[in-house]
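structure37.cif (mmCIF, C-alpha atoms)
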data_input
loop_
_atom_site.label_atom_id
_atom_site.label_comp_id
_atom_site.auth_asym_id
_atom_site.auth_seq_id
_atom_site.Cartn_x
_atom_site.Cartn_y
_atom_site.Cartn_z
CA MET A 96 -3.15 -16.29 4.76
CA LEU A 97 -0.78 -15.29 1.99
CA SER A 98 -2.63 -13.76 -0.95
CA LYS A 99 -2.25 -15.14 -4.46
CA LYS A 100 -0.72 -11.77 -5.37
CA SER A 101 2.06 -12.19 -2.79
CA LYS A 102 2.58 -15.83 -3.69
CA TYR A 103 3.02 -14.95 -7.37
CA ALA A 104 5.29 -12.05 -6.41
CA LEU A 105 7.51 -14.36 -4.38
CA LYS A 106 7.67 -16.85 -7.26
CA ALA A 107 8.64 -14.09 -9.71
CA MET A 108 11.17 -12.61 -7.30
CA MET A 109 12.76 -16.05 -6.89
CA VAL A 110 13.18 -16.25 -10.68
CA LEU A 111 14.78 -12.81 -10.68
CA ALA A 112 17.00 -13.72 -7.73
CA LYS A 113 18.15 -16.87 -9.51
CA GLU A 114 18.91 -14.81 -12.64
CA TYR A 115 20.48 -11.94 -10.67
CA GLY A 116 23.39 -10.34 -12.51
CA GLN A 117 22.53 -12.00 -15.82
CA GLY A 118 20.37 -9.20 -17.20
CA PRO A 119 16.65 -8.49 -17.37
CA VAL A 120 14.04 -11.25 -17.55
CA LEU A 121 10.95 -10.96 -19.74
CA ILE A 122 7.55 -11.00 -18.06
CA SER A 123 6.38 -13.65 -20.51
CA ASP A 124 9.29 -15.92 -19.52
CA MET A 125 8.57 -15.55 -15.82
CA ALA A 126 4.85 -16.09 -16.34
CA GLN A 127 5.44 -19.25 -18.36
CA ARG A 128 8.11 -20.68 -16.02
CA GLU A 129 6.00 -20.17 -12.91
CA GLY A 130 2.48 -20.64 -14.29
CA ILE A 131 1.39 -17.10 -13.45
CA PRO A 132 -1.19 -15.25 -15.55
CA ARG A 133 0.80 -12.68 -17.55
CA LYS A 134 -1.49 -9.67 -17.06
CA PHE A 135 -1.66 -10.28 -13.30
CA LEU A 136 2.12 -10.62 -13.17
CA GLU A 137 2.53 -7.32 -15.03
CA LEU A 138 0.53 -5.52 -12.33
CA ILE A 139 2.45 -7.22 -9.53
CA LEU A 140 5.86 -6.40 -11.02
CA LEU A 141 4.87 -2.79 -11.61
CA GLU A 142 3.85 -2.46 -7.97
CA LEU A 143 7.15 -3.98 -6.82
CA LYS A 144 9.01 -1.62 -9.15
CA ASN A 145 7.12 1.37 -7.74
CA HIS A 146 8.33 0.35 -4.27
CA GLY A 147 11.96 0.11 -5.39
CA LEU A 148 12.29 -3.67 -5.24
CA LEU A 149 12.60 -4.03 -9.02
CA GLN A 150 13.97 -2.13 -11.97
CA SER A 151 13.12 -2.54 -15.62
CA LYS A 152 14.70 -2.00 -18.99
CA LYS A 153 12.64 -1.27 -22.09
CA GLY A 154 13.25 -2.42 -25.63
CA LYS A 155 15.33 -5.24 -27.04
CA GLY A 156 17.01 -7.16 -24.24
CA GLY A 157 14.62 -5.56 -21.78
CA GLY A 158 12.61 -6.93 -18.90
CA TYR A 159 12.69 -6.82 -15.12
CA PHE A 160 15.56 -7.30 -12.68
CA LEU A 161 16.05 -6.95 -8.94
CA GLY A 162 16.65 -3.44 -7.66
CA ARG A 163 19.20 -4.73 -5.16
CA GLU A 164 21.04 -7.93 -4.32
CA PRO A 165 18.92 -10.97 -3.38
CA HIS A 166 20.31 -11.10 0.16
CA LEU A 167 19.02 -7.55 0.76
CA ILE A 168 15.37 -8.28 -0.09
CA SER A 169 13.32 -9.98 2.61
CA VAL A 170 10.19 -12.03 2.20
CA GLY A 171 8.53 -9.77 4.78
CA HIS A 172 9.21 -6.65 2.73
CA ILE A 173 7.68 -8.18 -0.40
CA VAL A 174 4.57 -9.40 1.44
CA ARG A 175 4.03 -6.08 3.21
CA VAL A 176 4.30 -4.16 -0.07
CA LEU A 177 1.55 -6.27 -1.63
CA ASP A 178 -0.65 -7.39 1.27
CA GLY A 179 -0.03 -4.75 3.92
CA PRO A 180 0.59 -5.57 7.59
CA ILE A 181 1.47 -9.14 8.54
CA ALA A 182 -0.45 -8.99 11.83
CA PRO A 183 -3.53 -11.26 11.95
CA LEU A 184 -5.51 -8.59 13.86
CA PRO A 185 -5.33 -4.79 13.70
CA CYS A 186 -4.86 -4.55 17.48
CA VAL A 187 -1.46 -6.25 17.22
CA SER A 188 -0.23 -4.47 14.09
CA LYS A 189 2.86 -2.29 14.38
CA THR A 190 2.07 -0.26 11.27
CA ALA A 191 -1.76 -0.31 11.08
CA TYR A 192 -2.81 -0.52 14.73
CA MET A 193 -6.50 -0.17 15.52
CA ARG A 194 -8.12 -0.97 18.83
CA CYS A 195 -10.87 -3.62 18.67
CA ARG A 196 -14.22 -2.01 19.54
CA GLU A 197 -15.45 -5.00 21.51
CA CYS A 198 -12.30 -5.34 23.60
CA ARG A 199 -12.70 -4.23 27.21
CA ASP A 200 -9.05 -4.53 28.27
CA GLU A 201 -6.41 -4.93 25.57
CA ARG A 202 -3.69 -5.70 28.08
CA SER A 203 -5.45 -8.81 29.39
CA CYS A 204 -7.13 -9.94 26.16
CA GLY A 205 -6.12 -13.57 25.58
CA ILE A 206 -6.80 -13.38 21.85
CA ARG A 207 -4.58 -10.31 21.50
CA ILE A 208 -1.79 -11.91 23.54
CA VAL A 209 -1.70 -15.02 21.32
CA MET A 210 -2.11 -13.08 18.05
CA LYS A 211 0.79 -10.81 19.05
CA GLU A 212 2.95 -13.92 19.45
CA VAL A 213 1.79 -15.11 16.03
CA ARG A 214 2.63 -11.72 14.52
CA ASP A 215 6.06 -11.62 16.17
CA ALA A 216 7.00 -15.15 15.06
CA THR A 217 5.73 -14.62 11.52
CA ALA A 218 7.49 -11.27 11.18
CA ARG A 219 10.73 -12.69 12.62
CA ILE A 220 10.79 -15.50 10.05
CA MET A 221 9.69 -13.42 7.08
CA ASP A 222 11.96 -10.48 7.88
CA SER A 223 15.02 -12.64 8.48
CA THR A 224 14.56 -14.69 5.30
CA SER A 225 15.93 -13.11 2.13
CA LEU A 226 15.48 -14.17 -1.47
CA ALA A 227 19.03 -15.52 -1.31
CA ASP A 228 18.09 -17.62 1.74
CA MET A 229 15.07 -19.01 -0.11
CA LEU A 230 17.27 -19.96 -3.07
CA LYS A 231 19.67 -21.77 -0.72
CA GLN A 232 16.78 -23.64 0.91
CA VAL A 233 15.43 -24.74 -2.47
CA GLU A 234 18.89 -25.82 -3.60
CA ALA A 235 19.34 -27.83 -0.39
CA VAL A 236 16.08 -29.69 -1.03
CA VAL A 237 16.85 -30.27 -4.72
CA THR A 238 20.35 -31.60 -4.04
CA GLY A 239 19.27 -33.68 -1.06
CA ASN A 240 21.33 -31.61 1.38
CA GLU A 241 18.34 -30.65 3.49
CA SER A 242 20.61 -30.52 6.50
CA LEU A 243 21.76 -27.21 4.98
CA SER A 244 18.27 -25.81 5.46
CA PHE A 245 17.92 -22.93 7.84
CA ALA A 246 16.53 -23.33 11.33
CA ILE A 247 14.63 -20.12 11.68
#
Could the structure of this file be written out as structure tokens, please?
Amino acid sequence: MLSKKSKYALKAMMVLAKEYGQGPVLISDMAQREGIPRKFLELILLELKNHGLLQSKKGKGGGYFLGREPHLISVGHIVRVLDGPIAPLPCVSKTAYMRCRECRDERSCGIRIVMKEVRDATARIMDSTSLADMLKQVEAVVTGNESLSFAI
């Protein structure tokens, strides 16, 4: 399940993607627009900045902005920064693998086989969907051109 932290991060990143190239956005504006608690958002944005996804400008006209173009930032990258591995079980994780103690034979474990498929499908969708893609999908829904939505 997606954590509230990642959900808020994705909402804030969508705001920044929509405003990309128009200058920094204030935390208070993002928090108000998206209904995110300001203090929590500050922590989230700082973490994203520390991982190179965001940059900030201090002082008058300051705020946060994307560290790179929206089409270069994937949903998967954002979620992994904040929540860690996407895999539903450690035994199917690519980055945080741990063998299950109770498992007798990993190779023939039905749970592991299915959860690996879940991990692969989730990672494929999240890693191939950028902030720019999400903006296009939202625009398609808003304008009624849902046929423009992506078949991922």
How would you write, as a compact mmCIF listing (two decimals) with C-alpha atoms, in the coordinates of the input, the residues chosen by the PyMOL selection byres ((chain A and resi 136) around 12) on this structure?
# COMPACT_ATOMS: atom_id res chain seq x y z
CA LYS A 99 -2.25 -15.14 -4.46
CA LYS A 100 -0.72 -11.77 -5.37
CA SER A 101 2.06 -12.19 -2.79
CA LYS A 102 2.58 -15.83 -3.69
CA TYR A 103 3.02 -14.95 -7.37
CA ALA A 104 5.29 -12.05 -6.41
CA LEU A 105 7.51 -14.36 -4.38
CA LYS A 106 7.67 -16.85 -7.26
CA ALA A 107 8.64 -14.09 -9.71
CA MET A 108 11.17 -12.61 -7.30
CA LEU A 121 10.95 -10.96 -19.74
CA ILE A 122 7.55 -11.00 -18.06
CA SER A 123 6.38 -13.65 -20.51
CA ASP A 124 9.29 -15.92 -19.52
CA MET A 125 8.57 -15.55 -15.82
CA ALA A 126 4.85 -16.09 -16.34
CA GLN A 127 5.44 -19.25 -18.36
CA GLU A 129 6.00 -20.17 -12.91
CA GLY A 130 2.48 -20.64 -14.29
CA ILE A 131 1.39 -17.10 -13.45
CA PRO A 132 -1.19 -15.25 -15.55
CA ARG A 133 0.80 -12.68 -17.55
CA LYS A 134 -1.49 -9.67 -17.06
CA PHE A 135 -1.66 -10.28 -13.30
CA GLU A 137 2.53 -7.32 -15.03
CA LEU A 138 0.53 -5.52 -12.33
CA ILE A 139 2.45 -7.22 -9.53
CA LEU A 140 5.86 -6.40 -11.02
CA LEU A 141 4.87 -2.79 -11.61
CA GLU A 142 3.85 -2.46 -7.97
CA LEU A 143 7.15 -3.98 -6.82
CA TYR A 159 12.69 -6.82 -15.12
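Counting from CA of Arg196 in chain A, the distance to CA of Lys211 in chain A is 17.4 Å.
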Which residues of range 152-188 of chain A come within 9 Å of range 110-114 of chain A, and what is each one's closest atom pair and distance in Å (one decimal), counting only C-alpha atoms, sorted by chain and residue number, as a Markdown table?
| residue | atom | partner | partner_atom | distance |
| --- | --- | --- | --- | --- |
| A:Tyr159 | CA | A:Leu111 | CA | 7.7 |
| A:Phe160 | CA | A:Leu111 | CA | 5.9 |
| A:Leu161 | CA | A:Leu111 | CA | 6.2 |
| A:Glu164 | CA | A:Ala112 | CA | 7.8 |
| A:Pro165 | CA | A:Ala112 | CA | 5.5 |
| A:His166 | CA | A:Ala112 | CA | 8.9 |
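Proximity of A:Lys189, A:Val236, A:Lys231, A:Leu184 to Met210 in chain A, computed with all atoms listed in the file, is greatest for A:Leu184.
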Translate the PyMOL selection byres ((chain A and resi 218) around 10), as applied to the file shown, into an explicit residue set as a ChimeraX atom specification.
/A:170-172,180-182,212-217,219-224
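Take CA of Leu97 in chain A and CA of Asp178 in chain A: the distance between them is 7.9 Å.
Each of A:Leu226, A:Cys186, A:Val176, A:Ala191 was compared to Ile206 in chain A using all atoms listed in the file, and A:Cys186 turns out to be the nearest.
We find CA of Gln150 in chain A and CA of Gly116 in chain A to be spaced 12.5 Å apart.
In terms of minimum interatomic distance to Arg194 in chain A, A:Arg207 ranks closest within A:Gln117, A:Met229, A:Arg207, A:Thr238, counting all atoms listed in the file.
For the residues A:Gly239, A:Arg175, A:Ser151, A:Ser203, ranking by smallest atom-to-atom distance to Ser188 in chain A using all atoms listed in the file places A:Arg175 first.
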Close residues, Gly157 in chain A itself excluded, 8 Å, all atoms listed in the file, min 3 positions apart in chain, as a PyMOL selection string
chain A and resi 119-121+151-154
With all atoms listed in the file as the atoms that count, which of A:Val237, A:Gly162, A:Ile173, A:Arg199 lies nearest to Ser225 in chain A?
A:Ile173
Start from the incomplete input, build N, CA, C and O atoms for range 210-221 of chain A, and deliver everything as a compact mmCIF listing (two decimals), in the frame of the given file.
# COMPACT_ATOMS: atom_id res chain seq x y z
N MET A 210 -2.28 -13.60 19.41
CA MET A 210 -2.11 -13.08 18.05
C MET A 210 -0.86 -12.19 17.94
O MET A 210 -0.24 -12.11 16.89
N LYS A 211 -0.46 -11.57 19.04
CA LYS A 211 0.79 -10.81 19.05
C LYS A 211 1.97 -11.76 18.91
O LYS A 211 2.93 -11.48 18.18
N GLU A 212 1.90 -12.90 19.58
CA GLU A 212 2.95 -13.92 19.45
C GLU A 212 3.02 -14.43 18.01
O GLU A 212 4.10 -14.63 17.47
N VAL A 213 1.85 -14.66 17.42
CA VAL A 213 1.79 -15.11 16.03
C VAL A 213 2.43 -14.06 15.12
O VAL A 213 3.25 -14.38 14.25
N ARG A 214 2.06 -12.80 15.32
CA ARG A 214 2.63 -11.72 14.52
C ARG A 214 4.14 -11.66 14.68
O ARG A 214 4.89 -11.57 13.71
N ASP A 215 4.62 -11.72 15.91
CA ASP A 215 6.06 -11.62 16.17
C ASP A 215 6.83 -12.76 15.52
O ASP A 215 7.87 -12.55 14.90
N ALA A 216 6.31 -13.98 15.65
CA ALA A 216 7.00 -15.15 15.06
C ALA A 216 6.98 -15.08 13.54
O ALA A 216 8.01 -15.32 12.88
N THR A 217 5.84 -14.72 12.97
CA THR A 217 5.73 -14.62 11.52
C THR A 217 6.66 -13.54 10.99
O THR A 217 7.40 -13.76 10.03
N ALA A 218 6.64 -12.38 11.62
CA ALA A 218 7.49 -11.27 11.18
C ALA A 218 8.97 -11.63 11.32
O ALA A 218 9.77 -11.32 10.43
N ARG A 219 9.32 -12.31 12.40
CA ARG A 219 10.73 -12.69 12.62
C ARG A 219 11.21 -13.60 11.49
O ARG A 219 12.28 -13.39 10.92
N ILE A 220 10.40 -14.58 11.12
CA ILE A 220 10.79 -15.50 10.05
C ILE A 220 10.82 -14.79 8.71
O ILE A 220 11.80 -14.89 7.96
N MET A 221 9.77 -14.07 8.40
CA MET A 221 9.69 -13.42 7.08
C MET A 221 10.73 -12.32 6.91
O MET A 221 11.28 -12.14 5.82
